[in-house]
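Next up, input_18.cif (mmCIF, C-alpha atoms and all ligand atoms):
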```cif
data_work
loop_
_atom_site.label_atom_id
_atom_site.label_comp_id
_atom_site.auth_asym_id
_atom_site.auth_seq_id
_atom_site.Cartn_x
_atom_site.Cartn_y
_atom_site.Cartn_z
CA MET A 254 9.23 35.18 -23.91
CA LYS A 255 7.94 31.86 -25.20
CA GLU A 256 7.86 28.73 -23.01
CA GLN A 257 10.96 26.90 -24.26
CA THR A 258 13.09 30.08 -24.13
CA LYS A 259 11.80 30.75 -20.62
CA ILE A 260 12.78 27.26 -19.45
CA LEU A 261 16.32 27.50 -20.78
CA HIS A 262 16.97 31.07 -19.65
CA SER A 263 15.52 30.87 -16.17
CA ILE A 264 18.39 28.50 -15.36
CA PRO A 265 21.07 31.03 -14.36
CA VAL A 266 24.70 30.96 -15.49
CA ASP A 267 26.96 30.37 -12.46
CA GLU A 268 28.03 33.80 -11.19
CA LEU A 269 31.33 32.61 -9.77
CA THR A 270 32.74 30.82 -12.85
CA GLY A 271 30.41 31.42 -15.78
CA ALA A 272 29.61 27.68 -15.96
CA ILE A 273 26.60 27.32 -18.29
CA SER A 274 25.57 24.04 -16.65
CA THR A 275 24.33 24.41 -13.07
CA PRO A 276 27.17 23.42 -10.68
CA ILE A 277 26.47 20.47 -8.39
CA TYR A 278 27.08 21.82 -4.88
CA GLN A 279 27.77 18.46 -3.25
CA THR A 280 28.22 19.84 0.26
CA SER A 281 26.43 19.43 3.56
CA THR A 282 27.48 22.72 5.15
CA PHE A 283 28.79 26.21 4.30
CA VAL A 284 31.59 28.12 6.07
CA GLN A 285 30.39 31.23 7.92
CA GLU A 286 32.32 34.50 8.45
CA ALA A 287 30.85 35.03 11.91
CA PRO A 288 28.15 33.13 13.80
CA GLY A 289 24.99 33.46 11.69
CA LEU A 290 26.77 35.56 9.05
CA HIS A 291 26.71 33.61 5.75
CA ARG A 292 25.90 33.99 2.04
CA GLY A 293 22.36 32.69 2.22
CA TYR A 294 23.32 29.06 2.77
CA ASP A 295 24.12 27.46 6.11
CA TYR A 296 23.13 23.77 5.86
CA SER A 297 22.00 21.77 2.81
CA ARG A 298 18.80 20.39 4.35
CA THR A 299 17.61 23.99 4.74
CA ASN A 300 18.95 25.27 1.43
CA ASN A 301 21.33 24.15 -1.29
CA PRO A 302 22.27 26.18 -4.39
CA THR A 303 21.73 23.32 -6.90
CA ARG A 304 18.36 22.46 -5.36
CA ALA A 305 17.47 26.18 -5.23
CA THR A 306 18.00 26.45 -9.01
CA LEU A 307 15.59 23.54 -9.59
CA GLU A 308 13.06 25.01 -7.13
CA GLN A 309 13.14 28.39 -8.85
CA LEU A 310 12.82 26.69 -12.26
CA ILE A 311 9.71 24.66 -11.38
CA ALA A 312 8.09 27.72 -9.72
CA THR A 313 8.64 29.69 -12.94
CA LEU A 314 7.34 26.84 -15.11
CA GLU A 315 4.13 26.36 -13.11
CA GLY A 316 3.62 30.10 -12.57
CA GLY A 317 3.80 29.83 -8.77
CA SER A 318 5.39 31.88 -5.98
CA SER A 319 7.83 29.19 -4.86
CA GLY A 320 8.94 25.65 -5.57
CA PHE A 321 10.31 22.87 -3.35
CA ALA A 322 12.22 19.73 -4.28
CA PHE A 323 11.76 16.44 -2.40
CA ALA A 324 13.33 12.98 -2.39
CA SER A 325 10.34 11.48 -4.27
CA GLY A 326 6.88 12.31 -5.53
CA LEU A 327 5.45 10.69 -2.42
CA ALA A 328 7.65 12.83 -0.16
CA ALA A 329 6.22 15.88 -1.99
CA ILE A 330 2.65 14.63 -1.42
CA ASP A 331 3.49 13.93 2.23
CA ALA A 332 4.67 17.52 2.73
CA VAL A 333 1.37 18.90 1.41
CA VAL A 334 -0.72 16.66 3.70
CA LYS A 335 1.31 18.02 6.64
CA LEU A 336 -0.38 21.40 6.09
CA LEU A 337 -3.45 19.81 7.74
CA ASN A 338 -4.37 19.21 11.38
CA ALA A 339 -5.91 16.19 13.12
CA GLY A 340 -9.68 16.24 12.49
CA ASP A 341 -9.35 17.75 9.01
CA GLU A 342 -10.63 15.91 5.93
CA ILE A 343 -9.30 15.49 2.40
CA LEU A 344 -11.66 15.07 -0.54
CA ALA A 345 -9.77 13.08 -3.17
CA VAL A 346 -10.24 11.77 -6.71
CA ASP A 347 -11.48 8.17 -6.55
CA ASP A 348 -8.91 6.56 -8.84
CA ILE A 349 -5.99 8.25 -7.09
CA TYR A 350 -2.36 7.11 -7.52
CA GLY A 351 -1.95 3.95 -5.42
CA GLY A 352 0.97 5.33 -3.40
CA ALA A 353 -1.07 8.39 -2.40
CA PHE A 354 -3.95 6.09 -1.38
CA ARG A 355 -1.56 4.03 0.78
CA LEU A 356 -0.09 7.16 2.41
CA PHE A 357 -3.50 8.69 3.15
CA THR A 358 -5.02 5.44 4.43
CA HIS A 359 -2.21 3.72 6.28
CA ILE A 360 -0.26 6.69 7.64
CA TYR A 361 -2.51 9.75 7.95
CA GLN A 362 -5.70 8.02 9.05
CA LYS A 363 -4.01 7.06 12.33
CA PHE A 364 -3.11 10.72 12.90
CA GLY A 365 -6.79 11.67 12.61
CA ILE A 366 -6.93 12.86 9.01
CA ARG A 367 -9.86 11.36 7.09
CA VAL A 368 -10.06 11.00 3.33
CA ASN A 369 -13.28 10.82 1.32
CA TYR A 370 -13.05 9.65 -2.30
CA THR A 371 -15.34 10.83 -5.06
CA ASP A 372 -15.59 10.91 -8.84
CA THR A 373 -14.07 14.35 -9.46
CA THR A 374 -14.82 14.18 -13.21
CA ASN A 375 -18.34 15.04 -12.04
CA THR A 376 -18.10 18.60 -10.67
CA GLU A 377 -21.52 18.46 -8.97
CA GLN A 378 -20.40 15.36 -7.13
CA VAL A 379 -17.41 17.32 -5.76
CA ALA A 380 -19.66 20.07 -4.40
CA LYS A 381 -21.93 17.46 -2.75
CA ALA A 382 -19.06 15.57 -1.12
CA ILE A 383 -17.67 18.58 0.75
CA THR A 384 -18.20 18.53 4.54
CA PRO A 385 -17.53 21.28 7.12
CA LYS A 386 -14.25 19.48 7.88
CA THR A 387 -12.95 19.35 4.28
CA LYS A 388 -9.75 21.39 4.16
CA LEU A 389 -8.08 20.04 1.03
CA ILE A 390 -9.33 18.81 -2.36
CA TRP A 391 -6.89 16.45 -4.07
CA ILE A 392 -7.15 15.72 -7.77
CA GLU A 393 -5.06 14.11 -10.48
CA THR A 394 -5.90 14.90 -14.07
CA PRO A 395 -5.39 12.92 -16.26
CA THR A 396 -5.61 9.97 -13.85
CA ASN A 397 -3.65 6.74 -13.85
CA PRO A 398 -4.26 4.49 -15.77
CA THR A 399 -7.67 5.30 -17.30
CA LEU A 400 -6.87 8.95 -18.11
CA LYS A 401 -9.96 10.47 -16.53
CA ILE A 402 -10.12 14.27 -16.74
CA SER A 403 -11.40 16.61 -14.03
CA ASP A 404 -12.28 20.25 -14.71
CA ILE A 405 -9.63 22.16 -12.71
CA ARG A 406 -11.21 25.60 -13.19
CA ALA A 407 -14.67 24.45 -12.04
CA ILE A 408 -13.32 22.57 -9.01
CA ALA A 409 -11.10 25.55 -8.06
CA ALA A 410 -14.22 27.76 -8.06
CA ILE A 411 -16.00 25.35 -5.68
CA ALA A 412 -12.92 25.13 -3.44
CA LYS A 413 -12.73 28.94 -3.26
CA THR A 414 -16.33 29.41 -2.15
CA HIS A 415 -15.74 26.95 0.71
CA ASN A 416 -12.28 28.29 1.58
CA ILE A 417 -10.69 24.89 0.84
CA LEU A 418 -7.24 24.37 -0.70
CA LEU A 419 -7.06 22.68 -4.10
CA CYS A 420 -3.97 20.58 -4.83
CA VAL A 421 -3.42 19.10 -8.31
CA ASP A 422 -1.03 16.20 -8.93
CA ASN A 423 0.21 17.37 -12.35
CA THR A 424 2.52 14.40 -12.98
CA PHE A 425 0.73 12.99 -16.04
CA ALA A 426 0.31 16.29 -17.93
CA SER A 427 3.47 18.16 -16.82
CA PRO A 428 3.56 21.99 -16.89
CA ALA A 429 4.37 21.88 -20.61
CA ALA A 430 0.80 20.66 -21.20
CA GLN A 431 -1.20 21.99 -18.23
CA LYS A 432 -0.78 24.76 -15.65
CA PRO A 433 -3.19 24.15 -12.74
CA LEU A 434 -2.21 27.32 -10.80
CA GLU A 435 -3.33 29.47 -13.75
CA LEU A 436 -6.67 27.59 -13.65
CA GLY A 437 -7.18 28.43 -9.96
CA ALA A 438 -5.44 25.64 -8.00
CA ASP A 439 -3.44 26.58 -4.86
CA ILE A 440 -0.77 23.87 -4.95
CA VAL A 441 0.76 21.63 -7.62
CA VAL A 442 2.71 18.45 -6.89
CA HIS A 443 4.81 16.33 -9.22
CA SER A 444 6.49 13.02 -9.32
CA ALA A 445 9.45 14.55 -11.19
CA THR A 446 10.58 10.94 -11.62
CA LYS A 447 8.29 10.86 -14.66
CA TYR A 448 8.09 13.52 -17.43
CA LEU A 449 10.01 16.34 -15.71
CA ALA A 450 13.25 14.40 -15.31
CA GLY A 451 12.12 12.36 -18.31
CA HIS A 452 14.91 9.80 -18.70
CA SER A 453 14.00 7.09 -16.13
CA ASP A 454 17.16 7.84 -14.15
CA VAL A 455 16.03 9.60 -10.95
CA ILE A 456 13.35 9.53 -8.21
CA ALA A 457 12.27 13.07 -7.34
CA GLY A 458 9.24 15.11 -6.24
CA LEU A 459 8.26 18.78 -6.48
CA VAL A 460 5.73 21.09 -4.84
CA VAL A 461 4.77 24.53 -6.18
CA THR A 462 2.62 26.98 -4.24
CA LYS A 463 0.53 29.80 -5.64
CA ASN A 464 1.26 32.31 -2.88
CA ASP A 465 4.00 33.23 -0.40
CA ASP A 466 2.00 32.25 2.68
CA LEU A 467 1.60 28.63 1.50
CA GLY A 468 5.20 28.74 0.30
CA ALA A 469 6.44 29.66 3.77
CA GLN A 470 4.44 26.78 5.29
CA ILE A 471 5.84 24.21 2.82
CA LYS A 472 9.35 25.60 3.32
CA PHE A 473 8.97 25.07 7.08
CA ILE A 474 7.69 21.50 6.57
CA GLN A 475 10.46 20.70 4.06
CA ASN A 476 13.16 21.78 6.51
CA ALA A 477 11.45 20.34 9.59
CA SER A 478 10.69 16.90 8.07
CA GLY A 479 13.82 16.82 5.93
CA ALA A 480 12.84 14.72 2.86
CA ILE A 481 14.87 16.96 0.52
CA LEU A 482 16.25 16.14 -2.92
CA GLY A 483 20.05 15.79 -3.07
CA PRO A 484 22.27 18.02 -5.23
CA PHE A 485 23.06 15.45 -7.93
CA ASP A 486 19.42 14.37 -8.33
CA SER A 487 18.46 18.06 -8.46
CA TRP A 488 20.96 18.52 -11.28
CA LEU A 489 19.58 15.51 -13.20
CA THR A 490 16.06 16.91 -12.85
CA ILE A 491 17.14 20.36 -14.10
CA ARG A 492 18.86 18.73 -17.06
CA GLY A 493 15.69 16.77 -17.86
CA ILE A 494 13.45 19.83 -17.66
CA GLU A 495 15.61 21.65 -20.23
CA THR A 496 14.01 19.52 -22.99
CA LEU A 497 10.56 19.09 -21.39
CA SER A 498 8.46 21.00 -23.92
CA LEU A 499 10.13 19.30 -26.90
CA ARG A 500 9.59 15.89 -25.35
CA ILE A 501 5.95 16.51 -24.42
CA VAL A 502 5.09 17.54 -27.99
CA GLN A 503 6.66 14.35 -29.39
CA HIS A 504 5.27 12.07 -26.64
CA SER A 505 1.80 13.49 -27.39
CA ASN A 506 2.08 13.14 -31.18
CA ASN A 507 3.31 9.55 -30.83
CA ALA A 508 0.59 8.70 -28.29
CA GLN A 509 -2.14 10.13 -30.53
CA ALA A 510 -0.91 7.97 -33.42
CA VAL A 511 -0.76 4.87 -31.20
CA ALA A 512 -4.24 5.52 -29.75
CA GLU A 513 -5.75 5.96 -33.22
CA PHE A 514 -4.08 2.74 -34.40
CA LEU A 515 -5.38 0.79 -31.40
CA GLN A 516 -8.93 1.97 -32.14
CA THR A 517 -8.79 0.10 -35.46
CA GLN A 518 -7.80 -3.25 -33.89
CA GLY A 519 -10.44 -5.95 -33.53
CA LEU A 520 -8.88 -7.45 -30.40
CA VAL A 521 -9.04 -4.11 -28.57
CA ARG A 522 -12.19 -3.20 -26.60
CA ASN A 523 -11.71 0.31 -25.11
CA VAL A 524 -8.94 2.81 -25.82
CA TYR A 525 -8.37 5.49 -23.19
CA TYR A 526 -6.65 8.66 -24.44
CA PRO A 527 -7.86 12.24 -23.81
CA GLY A 528 -6.83 13.23 -27.35
CA LEU A 529 -9.48 10.91 -28.87
CA ARG A 530 -12.84 12.47 -29.67
CA SER A 531 -14.43 9.34 -28.19
CA HIS A 532 -12.94 10.14 -24.72
CA PRO A 533 -15.84 11.19 -22.44
CA ASN A 534 -13.95 14.27 -21.15
CA HIS A 535 -12.25 15.22 -24.45
CA ALA A 536 -13.81 18.71 -24.42
CA VAL A 537 -12.52 19.53 -20.90
CA ALA A 538 -9.09 18.12 -21.76
CA LYS A 539 -8.93 20.28 -24.87
CA GLN A 540 -9.85 23.35 -22.86
CA GLN A 541 -7.27 22.93 -20.08
CA GLN A 542 -4.42 21.01 -21.74
CA LYS A 543 -2.12 22.23 -24.49
CA TYR A 544 -1.12 18.63 -25.30
CA PHE A 545 -2.79 15.33 -24.38
CA GLY A 546 0.36 13.60 -23.10
CA GLY A 547 2.11 10.30 -23.66
CA ILE A 548 0.02 7.74 -21.75
CA VAL A 549 -2.45 5.48 -23.58
CA SER A 550 -4.40 2.63 -21.98
CA PHE A 551 -6.58 -0.03 -23.58
CA ASP A 552 -8.25 -3.31 -22.71
CA LEU A 553 -9.17 -6.39 -24.72
CA GLN A 554 -12.38 -7.95 -26.00
CA ALA A 555 -13.92 -10.31 -23.41
CA ASP A 556 -11.33 -8.98 -20.94
CA GLN A 557 -8.90 -11.83 -21.68
CA LYS A 558 -6.17 -11.56 -19.08
CA ALA A 559 -4.06 -14.36 -20.56
CA THR A 560 -4.07 -12.63 -23.96
CA ALA A 561 -3.10 -9.31 -22.35
CA THR A 562 -0.25 -11.07 -20.54
CA GLN A 563 0.96 -12.54 -23.86
CA LEU A 564 0.73 -9.09 -25.41
CA VAL A 565 2.84 -7.25 -22.81
CA LYS A 566 5.48 -9.98 -23.05
CA ALA A 567 5.57 -9.86 -26.84
CA THR A 568 6.33 -6.17 -27.45
CA ARG A 569 9.94 -5.31 -28.26
CA TYR A 570 10.18 -1.52 -28.11
CA PHE A 571 7.56 -1.22 -25.35
CA GLN A 572 9.54 -2.75 -22.49
CA LEU A 573 7.71 -4.34 -19.58
CA ALA A 574 8.24 -2.16 -16.49
CA GLU A 575 6.46 0.03 -13.96
CA SER A 576 6.79 3.84 -14.12
CA LEU A 577 6.28 6.14 -17.10
CA GLY A 578 7.33 9.40 -18.68
CA GLY A 579 10.81 8.42 -19.91
CA VAL A 580 12.23 8.65 -23.43
CA LYS A 581 11.94 4.87 -23.93
CA SER A 582 8.48 3.32 -24.32
CA LEU A 583 7.17 1.14 -21.51
CA VAL A 584 4.22 -1.22 -21.19
CA CYS A 585 2.59 -2.53 -18.04
CA LEU A 586 -0.36 -4.64 -16.93
CA PRO A 587 -1.74 -2.57 -14.00
CA SER A 588 -3.90 -5.42 -12.54
CA GLU A 589 -0.74 -7.48 -11.95
CA MET A 590 1.74 -4.65 -11.37
CA THR A 591 1.01 -1.03 -10.33
CA HIS A 592 -2.58 -1.68 -9.15
CA LYS A 593 -2.22 -5.21 -7.74
CA SER A 594 -2.74 -4.07 -4.14
CA ILE A 595 -6.20 -2.64 -4.91
CA PRO A 596 -9.03 -5.18 -4.34
CA ALA A 597 -10.38 -6.48 -7.68
CA ALA A 598 -13.93 -5.19 -7.16
CA ILE A 599 -12.75 -1.60 -6.51
CA ARG A 600 -10.24 -1.88 -9.35
CA HIS A 601 -12.87 -2.99 -11.85
CA GLN A 602 -15.19 -0.18 -10.77
CA SER A 603 -12.63 2.44 -11.82
CA GLY A 604 -12.13 0.74 -15.20
CA VAL A 605 -8.90 -1.10 -14.36
CA THR A 606 -10.03 -4.41 -15.83
CA ASP A 607 -7.85 -7.56 -15.81
CA SER A 608 -6.86 -7.07 -19.46
CA LEU A 609 -6.12 -3.32 -19.17
CA VAL A 610 -2.72 -2.47 -20.66
CA ARG A 611 -1.00 0.87 -19.97
CA LEU A 612 1.49 2.28 -22.45
CA SER A 613 3.98 5.02 -21.71
CA VAL A 614 4.61 6.08 -25.29
CA GLY A 615 8.24 7.13 -25.68
CA LEU A 616 10.20 9.02 -28.27
CA GLU A 617 10.92 6.21 -30.74
CA ASP A 618 9.61 6.69 -34.29
CA PRO A 619 5.81 6.23 -34.13
CA GLU A 620 5.88 3.86 -37.16
CA ASP A 621 8.16 1.48 -35.26
CA LEU A 622 5.95 1.69 -32.17
CA ILE A 623 2.80 0.89 -34.14
CA GLN A 624 4.50 -2.03 -35.93
CA ASP A 625 5.63 -3.33 -32.55
CA LEU A 626 2.05 -3.26 -31.21
CA GLU A 627 0.64 -4.76 -34.41
CA ARG A 628 3.06 -7.67 -34.16
CA ALA A 629 2.42 -8.18 -30.42
CA LEU A 630 -1.37 -8.14 -30.96
CA ARG A 631 -0.97 -10.86 -33.59
CA ILE A 632 1.16 -13.00 -31.28
CA ALA A 633 -1.26 -12.49 -28.38
CA ALA A 634 -4.19 -13.49 -30.60
CA GLY A 635 -2.28 -16.64 -31.60
CA ARG A 636 -2.19 -15.60 -35.25
CA SER A 637 0.79 -16.12 -37.54
CA ILE A 638 3.31 -13.36 -37.95
CA PRO A 639 3.82 -12.17 -41.51
CA VAL A 640 7.45 -12.18 -42.70
CA ARG A 641 8.70 -8.64 -43.14
CA SER A 642 11.21 -7.68 -45.80
C1 LIG B 1 4.71 7.99 -9.70
C2 LIG B 1 3.64 8.89 -9.20
C3 LIG B 1 3.67 9.41 -7.90
C4 LIG B 1 4.74 9.02 -6.90
O1 LIG B 1 5.98 9.51 -7.26
P1 LIG B 1 7.37 8.80 -6.80
O2 LIG B 1 8.37 9.72 -7.42
O3 LIG B 1 7.35 7.42 -7.36
O4 LIG B 1 7.39 8.83 -5.31
C5 LIG B 1 2.66 10.28 -7.53
N1 LIG B 1 1.66 10.62 -8.37
C6 LIG B 1 1.60 10.12 -9.62
C7 LIG B 1 0.46 10.52 -10.50
C8 LIG B 1 2.58 9.24 -10.08
O5 LIG B 1 2.48 8.74 -11.32
#
```
Translate this file's structure into structure tokens.
Ligand SMILES: *Cc1c(COP(=O)(O)O)cnc(C)c1O
Amino acid sequence: MKEQTKILHSIPVDELTGAISTPIYQTSTFVQEAPGLHRGYDYSRTNNPTRATLEQLIATLEGGSSGFAFASGLAAIDAVVKLLNAGDEILAVDDIYGGAFRLFTHIYQKFGIRVNYTDTTNTEQVAKAITPKTKLIWIETPTNPTLKISDIRAIAAIAKTHNILLCVDNTFASPAAQKPLELGADIVVHSATKYLAGHSDVIAGLVVTKNDDLGAQIKFIQNASGAILGPFDSWLTIRGIETLSLRIVQHSNNAQAVAEFLQTQGLVRNVYYPGLRSHPNHAVAKQQQKYFGGIVSFDLQADQKATATQLVKATRYFQLAESLGGVKSLVCLPSEMTHKSIPAAIRHQSGVTDSLVRLSVGLEDPEDLIQDLERALRIAAGRSIPVRS
């Protein structure tokens, strides 16, 4: 069975009524015949049929043993960190998602979990940074917002020899483009808020484990800590996933066109997109990703922040907002928005310059998107706008 068929047909028809759309079981509890005698559901924190359909679906999509749905991507990340004990260490990608950095630093450090950051695009560096206390390697690939690529297969091999878990935040690629468990990772997490749900209408997180033992541990943590996804948000996420592979193909085609256009613009300094041959990790991306995804970043000549600010205010189809992965295109200035809390020196080191612009390329016609950027670049540069017929 091919991917898109698998997605649609691993969502079961409702046995009770034949409903083709997953019913929303908006209930907290389930009536029992005798104490402890029930139909597999007793309380919706522990298990809920709508959530269970989503959890089975994401496990199938990522090729894992089990899936778990959480109230947000960060709640999913939090559940994975709870596998560790005080004294353990995490080795993490250096330009990690800001929310994960905040969670690791400001919450888990005080419980005795240390995090070391390293450039995971350099596999040798990963091997060198491991200590006897490292219990978990945490990577994102591609990263946010400079789209750095780490070699999942090579890092999984290193993790295995040291008996360390490898967790991949697969939010940017989505399982339609990249399947980390097949490349050797142990755990995958998602902010389903982004491409999986895909319509900018829900906050959700997912965890998928490779084997039943890890699955049982996450299940215990999910029920014990309780940050579960509600039935309606589970339904919205299922509904989004139904069109995931179609969307990812179009997001990727549009992003490639936008990235190639930006490369021709005099005002633009660097363009970051793994689908460009000029991307330093293009070869690794090509090997492990089926599509290059919908995020494109670029910065401006002389790093002119004022010009970049003009630019992000001038676009019409790219609307100025945080987040990404929805059907409508978004633009953001990370130095003033998503990455503002990171000290400038550290930010600059990871390539997030003051004029860096991040695009979440949506599903509008690529010609309109390119015209929109062309016009905004002209306005930002203070040049006149040609009258269009
Ligand atoms: C958005 C995001 C998260 C956090 O997800 P929320 O759903 O906002 O909690 C984690 N990782 C990455 C890569 C993200 O982009």
**Prompt:** Do you know which residues are within 8 Å of ligand LIG 1 (chain B) using all atoms listed in the file? Can you write them as JSON, numbers by chain?
**Reply:** {"A": [324, 325, 326, 327, 328, 329, 330, 349, 350, 352, 353, 393, 396, 397, 422, 423, 424, 425, 443, 444, 445, 446, 447, 456, 457, 458, 576, 577]}
**Prompt:** Could you name the residues that touch region 267-278 of chain A at 12 Å or less, counting all atoms listed in the file, but leaving out those on the same chain fewer than 6 positions away, as a list in words?
**Reply:** Leu261, Tyr294, Tyr296, Ser297, Asn300, Asn301, Pro302, Thr303, Arg304, Ala305, Thr306, Leu307, Leu310, Gly483, Pro484, Phe485, Asp486, Ser487, Trp488, Leu489, Thr490, Ile491, Arg492 and Glu495 of chain A
**Asked** Counting all atoms listed in the file, which of A:Ser608, A:Ser318, A:Asn338, A:Ser613 gets nearest to Ala633 (chain A)?
**Response** A:Ser608
**Message:** One decimal, in Å: what's the spacing between CA of Asp556 (chain A) and CA of Arg522 (chain A)?
**Reply:**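 Result for CA of Asp556 (chain A) versus CA of Arg522 (chain A): 8.1 Å, one decimal.
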**Request:** May I ask which of the residues A:Val442, A:Leu449, A:Val614, A:Leu564 is the closest one to Val521 (chain A), counting all atoms listed in the file?
**Result:**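 Looking at the shortest contact to Val521 (chain A), the residue is A:Leu564.
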**Prompt:** Do you know which residues are at most 12 Å from Lys363 (chain A) counting all atoms listed in the file, after dropping those on the same chain fewer than 6 positions away, and could you put them as a list of chain:residue names?
**Reply:**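 Listed by chain and then number, they are A:Ala339, A:Gly340, A:Leu356, A:Phe357.
Going from CA of Thr299 (chain A) to CA of Ser281 (chain A) covers 10.0 Å.
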**Asked** For the atom pair CA of Leu418 (chain A) and CA of Ile390 (chain A), what is the interatomic distance in Å to one decimal place?
**Response** 6.2 Å
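Of the listed residues (A:Val610, A:Ile599, A:Ile440, A:Ala430), A:Ala430 comes nearest to Ala538 (chain A); the distances count only C-alpha atoms.
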**Request:** Would you mind telling me which residue in A:Ile595, A:Ala410, A:Val455, A:Leu400 lies nearest to Arg611 (chain A) when using only C-alpha atoms?
**Result:**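 Counting only C-alpha atoms, the residue closest to Arg611 (chain A) is A:Leu400.
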